[in-house]
Amino acid sequence: MSPHSITTHDHYLNAGYGVRSWLLTTDHKRIAILYMISITFFFFIGGFFAFLMRMELLTPDGDLVSAETYNKLFSMHGITMVWFFLIPSIPSVLGNFLVPLMVGARDLAFPRLNLLSWYIYVAGGLFTLAAMIFGGVDTGWTFYTPFSSTYAHSNVIPVVIGIFILGFSSILTALNFIVTIHTMRAPGLTWFRLPLFIWAMYATSIILVLATPVLAITLAMLGVERIFGVGLFDPALGGDPLLFQHLFWFYSHPAVYIMILPAMGVVSEVITCFARKKVFGYKFMAFSLLAIASVGFLVWGHHMFVSGQSAYAGMVFSALSFIVAIPSAVKVFNWAATLYKGSISYHTPVLYGFGFIGLFTIGGLTGLFLASIAVDVHVHDTYFVIAHFHYIMVGGAVMGYLGGIHYWWPKMTGRLYPEGWAKFAALVLFVGFNLTFFPQFILGYLGMPRRYHVYPPEFQVLNVLSSAGATILGIGYLIPFVYLIWSLRHGKNAGANPWRASGLEWQTTSPPPVNNFEETPVVTGEPYTYAEEESPGG
Amino acid sequence: MGEHRIPVAHQFDDSVQQRSAATLGMWIFLATEVLFFGGMVLAYAVYRVLNPEAFARASRVQNILLGGINTAVLLTSSCTMALAVHAAQHGQRRRSVICLLSTMFLGLAFLVIKGVEYAEKLHEHLVPGIDFRYAGADAGAAQLYFILYFLLTGFHALHLTIGIGLLAVLAVRSALGYFSAEYSNPVEVAGLYWHFVDIVWIFLYPLIYLIQAYR
Amino acid sequence: MKAPASTAVYFRVTGGLFLLLALTVSLAFVDMGPLNIVVAMTIAVVKALLVVLYFMHVKSADGVTRAAACAGVLWLIVMVALTLSDFLTRT
């Protein structure tokens with residue numbers, strides 16, 4: 001990728017050309033780009049599975065695909081989107097690019113481990129993709145036993161191996177971030193002078209490091225059970241399927257915080273810049289990230305209220321699930337307080353920020369409905385749940401990712417994206433998203449179960465609205481794909497700091513030189529030093 | 001100036017930062033390992049709590065003496081490993097190589113004894129999924145005991161084997177003069193890994209072998 | 001991670017570990033009912049602490065290292081405790 005260069009300085013993109021210079025790089029910035037390309041590939045694959053599902057759900061009958069195929073579609077959609085897109089997205093792309101820059105370092109602590117983590121990601125991804133193409137898997141992304149361990153006839157083992165492999169990629173990236181943030185901060189960069197994006201990467205990394213290994217051993221035990229039939233999760237042999245669910249959700253609930261915390265980090269960065277005002281309640285924002293990360297490990301049983309889990313344990317998990325909402329709410333209030341009396345300009349990154357705040361709030365509030373056992377009994381395994389988590393994962397995390405990509409695109413590429421098209425795409429995405437998923441809240445409340453390819457005819461109107469929305473959403477995602485690539489050749493020269501933002505990453509050229517800074521920066525003040533009545537320009 | 005040239009990677013400001021990073025990195029990795037083994041420990045805890053008698057009865061086929069000898073072997077190997085690290089940090093090349101080799105030898109001894117135990121289990125038809133015939137009530141719970149036994153000790157043995165491999169590389173590099181009093185990070189972090197493998201066994205031994213030994 | 005001046009401490013710790021091993025094996029042959037597991041795990045924790053503090057030098061390590069050393073174990077305890085709270089309270 002060699003942009004028709006209008007910048008004259010040496011930077012990481014023109015430091016070497018050719019496949020080897022990319023595939024053998026240890027430069028965190030190039031690795032971030034490698035990740036960006038790979039996760040985009042998997043995003044469109046996951047999106048394709050969703051597209052087929054929404055086409056099937058246009059009609060009440062199962063007329064597009066068989067039930068077994070539909071089971072494979074929703075399973076593979078979930079697996080691809082969760083593990084091969086959402087979990088790596090912000091950390092492995094934006095985190096990899098920005099963590100060293102934001103702390104004033106030349107690279108991450110372990111550059112070769114960083115490259116290894118990308119190769120592991122690719123290996124896991126391709127292995128899983130092959131398993132999905134040559135047969136697929138139909139257990140749901142949740143792999144509940146005993147179906148996955150005993151009765152399923154699909155490619156459970158290869159898919160589970162692929163995800164197992166991928167887990168190491170997550171762990172290595174997180175390890176790298178934690179060590180870098182602890183040991184390689186520039187002189188004067190104390191913890192409370194760090195950008196909130198770094199706090200978000202740090203909190204996310206702690207979750208990654210502590211949760212992912214449990215997923216690994218759970219999948220290994222699932223594999224052993226499936227191959228050897230020894231009774232680990234089989235009630236006929238003395239095992240308990242709920243043990244699998246406890247183990248699985250001990251990872252998978254924190255996993256959703258892995259997916260949202262980075263987006264919250266992005267939102268803090270864009271809100272402060274485009275309101276020209278420092279973040280309200282910086283310390284509360286930093287500590288709330290840590291609180292979400294830690295309390296998030298205590299709530300997993302809320303996925304199991306109707307599974308046969310003890311009612312007493314359920315009550316404990318329910319109470320803890322209410323508590324974990326509090327730090328998230330603190331963040332929403334503080335973003336609002338940051339915007340209040342700010343000098344707001346409406347560039348694309350902050351439009352995604354606004355989208356995030358509104359949609360994450362809806363998703364989060366509906367999470368409280370689900371945390372309430374009495375409500376959950378009725379809406380568990382319905383489209384209400386699906387709408388809830390898509391509001392957070394798509395309305396929240398994906399918008400956070402896109403906001404971050406647009407905010408730091410000038411830094412990463414030296415180019416400006418076309419603002420008009422970008423605003424248009426953000427609008428299309430917002431409309432498409434809500435049209436897709438709001439009807440699903442209603443469908444779930446009315447009783448439509450998830451993971452079914454057929455439904456009673458009275459649900460058709462809402463399903464058609466949802467599928468129409470999904471089509472708009474799909475088109476919406478293609479628009480940035482096109483103009484961002486276009487901007488690599490034809491975008492205007494960005495300059496070092498087109499947004500006039502604060503932060504160490506903006507004190508170096510766009511694109512940055514290979515070693516990030518001409519001289520190691522020295523930090524003397526608070527983050528987010530914005531004078532009032534300025535606008536970012538550009 | 002007669003200084004030893006310490007290899008400092010380009011991303012680090014100095015060797016002190018490099019050493020802090022390496023050490024913290026290994027500790028974080030060990031935290032992931034605690035949780036990896038932890039999943040199996042959880043399964044074991046749940047099934048033992050639910051089937052206390054069956055687990056106790058099943059554990060009686062274990063050879064407490066062999067398990068105890070293996071524990072002693074690993075405890076000694078942690079001592080030799082600590083000595084190896086100490087020697088490396090003081091630039092005592094020959095001593096560190098000898099200690100590394102001793103640690104490897106003790107690790108191999110552990111694996112041999114473990115192999116003997118595994119062979120015994122196979123001979124007695126106590127390998128779930130491959131050859132399992134359990135004469136006694138509650139064969140289901142007994143099978144759970146044995147599969148978790150193999151999973152826990154199997155993954156432990158795998159980690160031990162990787163550790164022996166690491167030590168082999170370090171022993172060669174040590175002998176070739178790669179390390180000095182100023183630079184011994186790889187030996188230090190390998191030491192941390194080795195001690196962790198020892199600690200896992202410190203917990204596995206009483207959990208697996210010493211259930212109701214008085215019966 | 002600082003290296004102590006002499007190696008004597010390693011031999012003393014190893015001696016302590018062997019004593020604790022002998023203790024745990026002999027106590028296993030004493031019927032203490034539900035206390036057996038408590039005693040066995042306590043002794044194991046003490047042995048592990050000896051290894052962590054002296055062989056792994058955590059005794060002289062900084063706060064970050066100590067936090068990293070504790071984190072895994074803490075989270076494991078949480079996972080086991082909350083999960084057992086389900087299995088032990090089922091009706």
# chains A, B, ... in the order shown; residues from 1 in each chain; ligands from 1
>>> interface_residues(of="chain C", to="chain B", cutoff="9 Å", atoms="only C-alpha atoms", output="ChimeraX atom specification")
/C:1,3-7,10-11,13-14,17-18,21-22,24-25,27-31,33,36-37,40-41,44-45,47-48,51-52,54-56,64-65,68-73,75-77,79-80,83-84,87-88
>>> interface_residues(of="chain A", to="chain C", cutoff="12 Å", atoms="only C-alpha atoms", output="PyMOL selection string")
chain A and resi 175+178-179+181-183+206-207+209-214+240-251+294-301+304-305+307-317+320
>>> residues_around(residues="His10 in chain B", least_positions_apart="6", cutoff="12 Å", atoms="only C-alpha atoms", output="ChimeraX atom specification")
/A:26-27,105-112,514-515 /B:17-18
>>> write_last_selection(atoms="N, CA and C atoms", output="PDB file, in the first residue's frame")
ATOM      1  N   THR A  26       7.913  -5.364  12.524  1.00  0.00           N
ATOM      2  CA  THR A  26       7.635  -5.377  13.956  1.00  0.00           C
ATOM      3  C   THR A  26       7.140  -3.999  14.395  1.00  0.00           C
ATOM      4  N   ASP A  27       6.872  -3.142  13.419  1.00  0.00           N
ATOM      5  CA  ASP A  27       6.386  -1.791  13.714  1.00  0.00           C
ATOM      6  C   ASP A  27       4.915  -1.868  14.104  1.00  0.00           C
ATOM      7  N   ALA A 105       6.174   6.400  23.493  1.00  0.00           N
ATOM      8  CA  ALA A 105       7.199   5.362  23.313  1.00  0.00           C
ATOM      9  C   ALA A 105       7.483   5.133  21.834  1.00  0.00           C
ATOM     10  N   ARG A 106       8.588   4.422  21.564  1.00  0.00           N
ATOM     11  CA  ARG A 106       8.949   4.154  20.172  1.00  0.00           C
ATOM     12  C   ARG A 106       8.170   2.975  19.602  1.00  0.00           C
ATOM     13  N   ASP A 107       7.773   2.065  20.459  1.00  0.00           N
ATOM     14  CA  ASP A 107       6.995   0.899  20.021  1.00  0.00           C
ATOM     15  C   ASP A 107       6.400   0.274  21.278  1.00  0.00           C
ATOM     16  N   LEU A 108       5.710  -0.827  21.110  1.00  0.00           N
ATOM     17  CA  LEU A 108       5.212  -1.551  22.279  1.00  0.00           C
ATOM     18  C   LEU A 108       6.392  -2.250  22.955  1.00  0.00           C
ATOM     19  N   ALA A 109       6.142  -2.828  24.133  1.00  0.00           N
ATOM     20  CA  ALA A 109       7.212  -3.498  24.875  1.00  0.00           C
ATOM     21  C   ALA A 109       7.772  -4.692  24.109  1.00  0.00           C
ATOM     22  N   PHE A 110       6.913  -5.422  23.431  1.00  0.00           N
ATOM     23  CA  PHE A 110       7.366  -6.661  22.776  1.00  0.00           C
ATOM     24  C   PHE A 110       6.908  -6.669  21.312  1.00  0.00           C
ATOM     25  N   PRO A 111       7.644  -5.987  20.431  1.00  0.00           N
ATOM     26  CA  PRO A 111       7.204  -5.867  19.033  1.00  0.00           C
ATOM     27  C   PRO A 111       7.090  -7.196  18.303  1.00  0.00           C
ATOM     28  N   ARG A 112       7.996  -8.122  18.583  1.00  0.00           N
ATOM     29  CA  ARG A 112       7.923  -9.395  17.859  1.00  0.00           C
ATOM     30  C   ARG A 112       6.724 -10.205  18.316  1.00  0.00           C
ATOM     31  N   VAL A 514       8.890   6.165  11.720  1.00  0.00           N
ATOM     32  CA  VAL A 514       8.976   4.784  12.192  1.00  0.00           C
ATOM     33  C   VAL A 514       9.105   4.721  13.715  1.00  0.00           C
ATOM     34  N   ASN A 515       9.941   5.596  14.278  1.00  0.00           N
ATOM     35  CA  ASN A 515      10.126   5.565  15.728  1.00  0.00           C
ATOM     36  C   ASN A 515       9.214   6.540  16.467  1.00  0.00           C
TER      37      ASN A 515
ATOM     38  N   GLN B  17      14.697  -0.646  32.132  1.00  0.00           N
ATOM     39  CA  GLN B  17      13.321  -0.685  31.622  1.00  0.00           C
ATOM     40  C   GLN B  17      13.051  -2.022  30.942  1.00  0.00           C
ATOM     41  N   GLN B  18      14.047  -2.507  30.209  1.00  0.00           N
ATOM     42  CA  GLN B  18      13.892  -3.776  29.499  1.00  0.00           C
ATOM     43  C   GLN B  18      13.646  -4.905  30.484  1.00  0.00           C
TER      44      GLN B  18
END
>>> residues_around(residues="range 142-144 of chain B", least_positions_apart="5", cutoff="7 Å", atoms="only C-alpha atoms", output="list of chain:residue names")
A:Val230, A:Gly231, A:Leu232, B:Ala54, B:Phe55, B:Ala58, B:Pro128
>>> residues_around(residues="Val461 in chain A", least_positions_apart="6", cutoff="10 Å", atoms="only C-alpha atoms", output="count of residues only")
6
>>> closest_residue(among="B:Leu170, B:Leu108, B:Leu126, B:Leu101", to="chain A", atoms="only C-alpha atoms")
B:Leu126
>>> atom_distance(atom1="CA of Thr142 in chain A", atom2="CA of Pro235 in chain A")
18.7 Å
>>> residues_around(residues="Ala168 in chain B", least_positions_apart="6", cutoff="12 Å", atoms="only C-alpha atoms", output="ChimeraX atom specification")
/B:97-105,107-108,161-162,174-175,187,190
>>> select_by_dssp(residues="chain B", states="helix (DSSP H, G or I)", output="PyMOL selection string")
chain B and resi 15-50+52-59+64-89+93-123+139-175+185-209
>>> write_last_selection(atoms="C-alpha atoms", output="short mmCIF file (atom, residue, chain, number, x, y, z; two decimals), in the first residue's frame")
data_model
loop_
_atom_site.label_atom_id
_atom_site.label_comp_id
_atom_site.auth_asym_id
_atom_site.auth_seq_id
_atom_site.Cartn_x
_atom_site.Cartn_y
_atom_site.Cartn_z
CA SER B 15 18.38 -2.15 30.30
CA VAL B 16 16.53 -1.40 33.54
CA GLN B 17 13.32 -0.68 31.62
CA GLN B 18 13.89 -3.78 29.50
CA ARG B 19 14.27 -5.96 32.55
CA SER B 20 11.15 -4.53 34.24
CA ALA B 21 9.17 -5.16 31.09
CA ALA B 22 10.38 -8.73 30.71
CA THR B 23 9.62 -9.56 34.33
CA LEU B 24 6.17 -7.98 34.34
CA GLY B 25 5.41 -9.66 31.03
CA MET B 26 6.17 -13.07 32.45
CA TRP B 27 4.11 -12.42 35.59
CA ILE B 28 1.13 -11.46 33.46
CA PHE B 29 1.59 -14.59 31.39
CA LEU B 30 1.65 -16.63 34.61
CA ALA B 31 -1.62 -15.01 35.65
CA THR B 32 -3.17 -16.32 32.44
CA GLU B 33 -1.82 -19.76 33.26
CA VAL B 34 -3.42 -19.67 36.71
CA LEU B 35 -6.79 -19.15 35.06
CA PHE B 36 -6.11 -21.75 32.38
CA PHE B 37 -5.47 -24.41 35.02
CA GLY B 38 -8.20 -22.76 37.05
CA GLY B 39 -10.93 -23.88 34.67
CA MET B 40 -9.98 -27.50 35.29
CA VAL B 41 -9.65 -26.82 39.01
CA LEU B 42 -13.19 -25.46 38.98
CA ALA B 43 -14.50 -28.57 37.25
CA TYR B 44 -12.65 -30.72 39.76
CA ALA B 45 -13.94 -28.69 42.70
CA VAL B 46 -17.54 -28.89 41.51
CA TYR B 47 -17.53 -32.61 40.87
CA ARG B 48 -15.65 -33.44 44.04
CA VAL B 49 -18.08 -31.40 46.12
CA LEU B 50 -20.97 -33.19 44.43
CA PRO B 52 -17.15 -36.74 47.73
CA GLU B 53 -17.30 -40.50 48.35
CA ALA B 54 -16.82 -41.49 44.73
CA PHE B 55 -13.80 -39.21 44.36
CA ALA B 56 -12.26 -40.49 47.57
CA ARG B 57 -12.71 -44.09 46.53
CA ALA B 58 -11.38 -43.47 43.03
CA SER B 59 -8.29 -41.75 44.39
CA ILE B 64 0.88 -41.66 47.20
CA LEU B 65 4.57 -42.55 47.43
CA LEU B 66 5.30 -41.95 43.76
CA GLY B 67 3.30 -38.73 43.86
CA GLY B 68 5.19 -37.65 46.95
CA ILE B 69 8.54 -38.44 45.35
CA ASN B 70 7.51 -36.42 42.33
CA THR B 71 6.60 -33.52 44.60
CA ALA B 72 10.02 -33.74 46.22
CA VAL B 73 11.63 -33.85 42.78
CA LEU B 74 9.90 -30.66 41.69
CA LEU B 75 10.59 -28.85 44.95
CA THR B 76 14.27 -29.68 44.52
CA SER B 77 14.14 -28.54 40.91
CA SER B 78 12.81 -25.18 42.05
CA CYS B 79 15.82 -24.94 44.33
CA THR B 80 18.25 -25.72 41.52
CA MET B 81 16.39 -23.27 39.26
CA ALA B 82 16.67 -20.50 41.84
CA LEU B 83 20.38 -21.29 42.10
CA ALA B 84 20.71 -21.17 38.33
CA VAL B 85 19.13 -17.73 38.21
CA HIS B 86 21.31 -16.56 41.08
CA ALA B 87 24.43 -17.81 39.34
CA ALA B 88 23.44 -16.16 36.06
CA GLN B 89 22.80 -12.86 37.82
CA ARG B 93 28.55 -19.08 33.85
CA ARG B 94 29.64 -22.61 34.71
CA ARG B 95 27.54 -22.79 37.83
CA SER B 96 24.44 -21.52 36.06
CA VAL B 97 24.83 -24.11 33.30
CA ILE B 98 25.19 -26.90 35.85
CA CYS B 99 22.15 -25.73 37.76
CA LEU B 100 20.10 -25.39 34.60
CA LEU B 101 21.05 -28.91 33.57
CA SER B 102 20.21 -30.22 37.06
CA THR B 103 16.82 -28.59 36.87
CA MET B 104 16.20 -30.18 33.49
CA PHE B 105 17.30 -33.55 34.78
CA LEU B 106 14.91 -33.31 37.72
CA GLY B 107 12.11 -32.27 35.36
CA LEU B 108 12.80 -35.29 33.21
CA ALA B 109 12.77 -37.50 36.30
CA PHE B 110 9.33 -36.14 37.11
CA LEU B 111 8.11 -36.98 33.63
CA VAL B 112 9.49 -40.51 33.84
CA ILE B 113 7.72 -41.17 37.12
CA LYS B 114 4.55 -39.65 35.71
CA GLY B 115 4.88 -41.91 32.70
CA VAL B 116 5.13 -44.91 35.00
CA GLU B 117 1.94 -43.83 36.74
CA TYR B 118 0.13 -43.28 33.46
CA ALA B 119 1.21 -46.72 32.24
CA GLU B 120 -0.16 -48.24 35.43
CA LYS B 121 -3.49 -46.52 34.88
CA LEU B 122 -3.67 -47.85 31.37
CA HIS B 123 -2.85 -51.33 32.61
CA ALA B 139 -18.55 -45.33 37.91
CA GLY B 140 -19.72 -42.06 36.31
CA ALA B 141 -18.29 -39.93 39.11
CA ALA B 142 -15.14 -42.05 39.18
CA GLN B 143 -14.72 -41.44 35.47
CA LEU B 144 -14.98 -37.72 36.14
CA TYR B 145 -12.22 -38.04 38.74
CA PHE B 146 -9.97 -39.84 36.30
CA ILE B 147 -10.57 -37.60 33.29
CA LEU B 148 -9.84 -34.56 35.43
CA TYR B 149 -6.76 -36.35 36.79
CA PHE B 150 -5.46 -36.86 33.26
CA LEU B 151 -6.40 -33.34 32.13
CA LEU B 152 -4.81 -31.63 35.15
CA THR B 153 -1.65 -33.70 35.27
CA GLY B 154 -1.48 -33.92 31.47
CA PHE B 155 -1.52 -30.17 30.94
CA HIS B 156 0.91 -29.85 33.85
CA ALA B 157 3.26 -32.34 32.19
CA LEU B 158 2.93 -30.47 28.91
CA HIS B 159 3.93 -27.22 30.61
CA LEU B 160 6.80 -29.00 32.33
CA THR B 161 8.02 -30.36 29.00
CA ILE B 162 7.94 -26.90 27.47
CA GLY B 163 9.88 -25.69 30.49
CA ILE B 164 12.54 -28.34 29.97
CA GLY B 165 12.83 -27.28 26.34
CA LEU B 166 13.25 -23.64 27.39
CA LEU B 167 15.93 -24.60 29.88
CA ALA B 168 17.77 -26.57 27.23
CA VAL B 169 17.95 -23.49 25.02
CA LEU B 170 19.05 -21.38 27.97
CA ALA B 171 21.70 -23.88 29.03
CA VAL B 172 23.22 -23.79 25.55
CA ARG B 173 23.10 -20.00 25.38
CA SER B 174 24.51 -19.75 28.88
CA ALA B 175 27.38 -22.00 27.93
CA ASN B 185 16.63 -11.59 31.81
CA PRO B 186 15.83 -14.79 29.90
CA VAL B 187 17.11 -16.97 32.73
CA GLU B 188 15.18 -14.93 35.30
CA VAL B 189 11.86 -15.14 33.47
CA ALA B 190 12.38 -18.84 32.73
CA GLY B 191 12.87 -19.24 36.47
CA LEU B 192 9.53 -17.61 37.14
CA TYR B 193 7.87 -19.98 34.68
CA TRP B 194 9.52 -23.01 36.22
CA HIS B 195 8.50 -22.06 39.75
CA PHE B 196 4.95 -21.64 38.55
CA VAL B 197 4.92 -25.17 37.18
CA ASP B 198 6.16 -26.33 40.58
CA ILE B 199 3.40 -24.40 42.37
CA VAL B 200 0.71 -26.02 40.21
CA TRP B 201 1.96 -29.42 41.31
CA ILE B 202 2.10 -28.28 44.96
CA PHE B 203 -1.68 -27.94 44.74
CA LEU B 204 -2.37 -30.92 42.50
CA TYR B 205 -0.63 -33.43 44.75
CA PRO B 206 -2.86 -33.07 47.83
CA LEU B 207 -5.97 -32.48 45.73
CA ILE B 208 -5.57 -35.62 43.69
CA TYR B 209 -3.59 -38.04 45.82
#
>>> residues_around(residues="Leu166 in chain A", least_positions_apart="3", cutoff="12 Å", atoms="only C-alpha atoms", output="JSON list (two decimals) with C-alpha atoms, in the first residue's frame")
[["chain", "number", "residue", "atom", "x", "y", "z"],
["A", 79, "ILE", "CA", -18.57, -16.61, 16.08],
["A", 80, "THR", "CA", -17.18, -14.45, 13.28],
["A", 82, "VAL", "CA", -17.53, -11.75, 18.28],
["A", 83, "TRP", "CA", -14.12, -13.35, 17.96],
["A", 84, "PHE", "CA", -12.83, -12.30, 14.59],
["A", 85, "PHE", "CA", -14.19, -8.77, 14.44],
["A", 87, "ILE", "CA", -12.86, -8.44, 20.18],
["A", 88, "PRO", "CA", -9.79, -7.55, 18.13],
["A", 116, "LEU", "CA", 3.19, -13.10, 16.34],
["A", 117, "SER", "CA", -0.20, -12.15, 17.74],
["A", 118, "TRP", "CA", -1.30, -11.06, 14.25],
["A", 119, "TYR", "CA", -0.13, -14.31, 12.69],
["A", 120, "ILE", "CA", -1.95, -16.26, 15.38],
["A", 121, "TYR", "CA", -5.07, -14.23, 14.65],
["A", 122, "VAL", "CA", -4.80, -15.00, 10.95],
["A", 123, "ALA", "CA", -4.13, -18.69, 11.59],
["A", 124, "GLY", "CA", -7.10, -19.00, 13.94],
["A", 125, "GLY", "CA", -9.29, -17.04, 11.58],
["A", 126, "LEU", "CA", -8.44, -19.00, 8.47],
["A", 127, "PHE", "CA", -8.72, -22.31, 10.29],
["A", 128, "THR", "CA", -12.17, -21.39, 11.62],
["A", 159, "VAL", "CA", -14.12, -24.36, 14.95],
["A", 160, "VAL", "CA", -13.27, -24.73, 18.62],
["A", 161, "ILE", "CA", -9.61, -25.27, 17.73],
["A", 162, "GLY", "CA", -9.65, -22.11, 15.61],
["A", 163, "ILE", "CA", -11.08, -20.05, 18.46],
["A", 169, "SER", "CA", -3.63, -13.52, 19.92],
["A", 170, "SER", "CA", -5.87, -11.66, 22.37],
["A", 171, "ILE", "CA", -3.71, -12.57, 25.33],
["A", 172, "LEU", "CA", -0.46, -11.50, 23.72],
["A", 173, "THR", "CA", -1.86, -8.15, 22.60],
["A", 212, "THR", "CA", -9.45, -15.52, 27.78],
["A", 213, "PRO", "CA", -7.55, -18.42, 29.39],
["A", 215, "LEU", "CA", -12.33, -19.74, 27.40],
["A", 216, "ALA", "CA", -9.34, -21.72, 26.22],
["A", 219, "LEU", "CA", -13.12, -25.16, 24.73]]
>>> closest_residue(among="B:Phe12, B:Ser180, B:His125, B:Gln62", to="chain A", atoms="only C-alpha atoms")
B:Phe12
>>> select_by_dssp(residues="range 111-144 of chain B", states="strand (DSSP E)", output="PyMOL selection string")
chain B and resi 126-127+131-132
>>> write_last_selection(atoms="N, CA and C atoms", output="PDB file, in the first residue's frame")
ATOM      1  N   LEU B 126      -8.032 -47.630  33.536  1.00  0.00           N
ATOM      2  CA  LEU B 126      -8.588 -46.451  34.205  1.00  0.00           C
ATOM      3  C   LEU B 126      -8.342 -45.195  33.395  1.00  0.00           C
ATOM      4  N   VAL B 127      -8.354 -45.324  32.065  1.00  0.00           N
ATOM      5  CA  VAL B 127      -8.155 -44.153  31.215  1.00  0.00           C
ATOM      6  C   VAL B 127      -9.463 -43.836  30.496  1.00  0.00           C
ATOM      7  N   ASP B 131      -9.770 -46.500  27.576  1.00  0.00           N
ATOM      8  CA  ASP B 131      -9.943 -47.846  28.136  1.00  0.00           C
ATOM      9  C   ASP B 131     -10.358 -47.678  29.593  1.00  0.00           C
ATOM     10  N   PHE B 132     -11.666 -47.657  29.814  1.00  0.00           N
ATOM     11  CA  PHE B 132     -12.118 -47.381  31.175  1.00  0.00           C
ATOM     12  C   PHE B 132     -13.112 -48.427  31.628  1.00  0.00           C
TER      13      PHE B 132
END
>>> closest_residue(among="B:Arg60, B:Gly91, B:Glu124, B:Asn51", to="chain A", atoms="only C-alpha atoms")
B:Asn51
>>> closest_residue(among="A:Met221, A:Leu416, A:Ile475, A:Leu13", to="His490 in chain A", atoms="only C-alpha atoms")
A:Leu416
>>> closest_residue(among="A:Gly239, A:Pro146, A:Pro410, A:Gly47", to="chain B", atoms="only C-alpha atoms")
A:Gly239
>>> atom_distance(atom1="CA of Ala425 in chain A", atom2="CA of Ser268 in chain A")
21.8 Å
>>> atom_distance(atom1="CA of Leu49 in chain C", atom2="CA of Gly16 in chain C")
11.4 Å
>>> decode(residues="range 59-73 of chain B", atoms="N, CA and C atoms", output="short mmCIF file (atom, residue, chain, number, x, y, z; two decimals), in the first residue's frame")
data_model
loop_
_atom_site.label_atom_id
_atom_site.label_comp_id
_atom_site.auth_asym_id
_atom_site.auth_seq_id
_atom_site.Cartn_x
_atom_site.Cartn_y
_atom_site.Cartn_z
N SER B 59 -9.67 -42.20 44.19
CA SER B 59 -8.29 -41.75 44.39
C SER B 59 -7.43 -42.80 45.06
N ARG B 60 -8.07 -43.83 45.59
CA ARG B 60 -7.26 -44.82 46.31
C ARG B 60 -6.33 -45.62 45.43
N VAL B 61 -6.56 -45.61 44.11
CA VAL B 61 -5.63 -46.33 43.25
C VAL B 61 -4.33 -45.52 43.04
N GLN B 62 -4.34 -44.26 43.45
CA GLN B 62 -3.16 -43.44 43.23
C GLN B 62 -2.03 -43.90 44.13
N ASN B 63 -0.81 -43.78 43.64
CA ASN B 63 0.36 -44.16 44.40
C ASN B 63 0.90 -42.93 45.14
N ILE B 64 0.52 -42.85 46.42
CA ILE B 64 0.88 -41.66 47.20
C ILE B 64 2.40 -41.49 47.28
N LEU B 65 3.11 -42.63 47.33
CA LEU B 65 4.57 -42.55 47.43
C LEU B 65 5.18 -41.95 46.18
N LEU B 66 4.76 -42.48 45.02
CA LEU B 66 5.30 -41.95 43.76
C LEU B 66 4.96 -40.47 43.61
N GLY B 67 3.71 -40.13 43.96
CA GLY B 67 3.30 -38.73 43.86
C GLY B 67 4.13 -37.86 44.79
N GLY B 68 4.39 -38.40 45.99
CA GLY B 68 5.19 -37.65 46.95
C GLY B 68 6.63 -37.48 46.48
N ILE B 69 7.16 -38.55 45.89
CA ILE B 69 8.54 -38.44 45.35
C ILE B 69 8.58 -37.39 44.26
N ASN B 70 7.56 -37.42 43.39
CA ASN B 70 7.51 -36.42 42.33
C ASN B 70 7.43 -35.01 42.88
N THR B 71 6.68 -34.85 43.99
CA THR B 71 6.60 -33.52 44.60
C THR B 71 7.98 -33.10 45.08
N ALA B 72 8.67 -34.05 45.73
CA ALA B 72 10.02 -33.74 46.22
C ALA B 72 10.95 -33.40 45.07
N VAL B 73 10.80 -34.12 43.97
CA VAL B 73 11.63 -33.85 42.78
C VAL B 73 11.41 -32.41 42.30
#
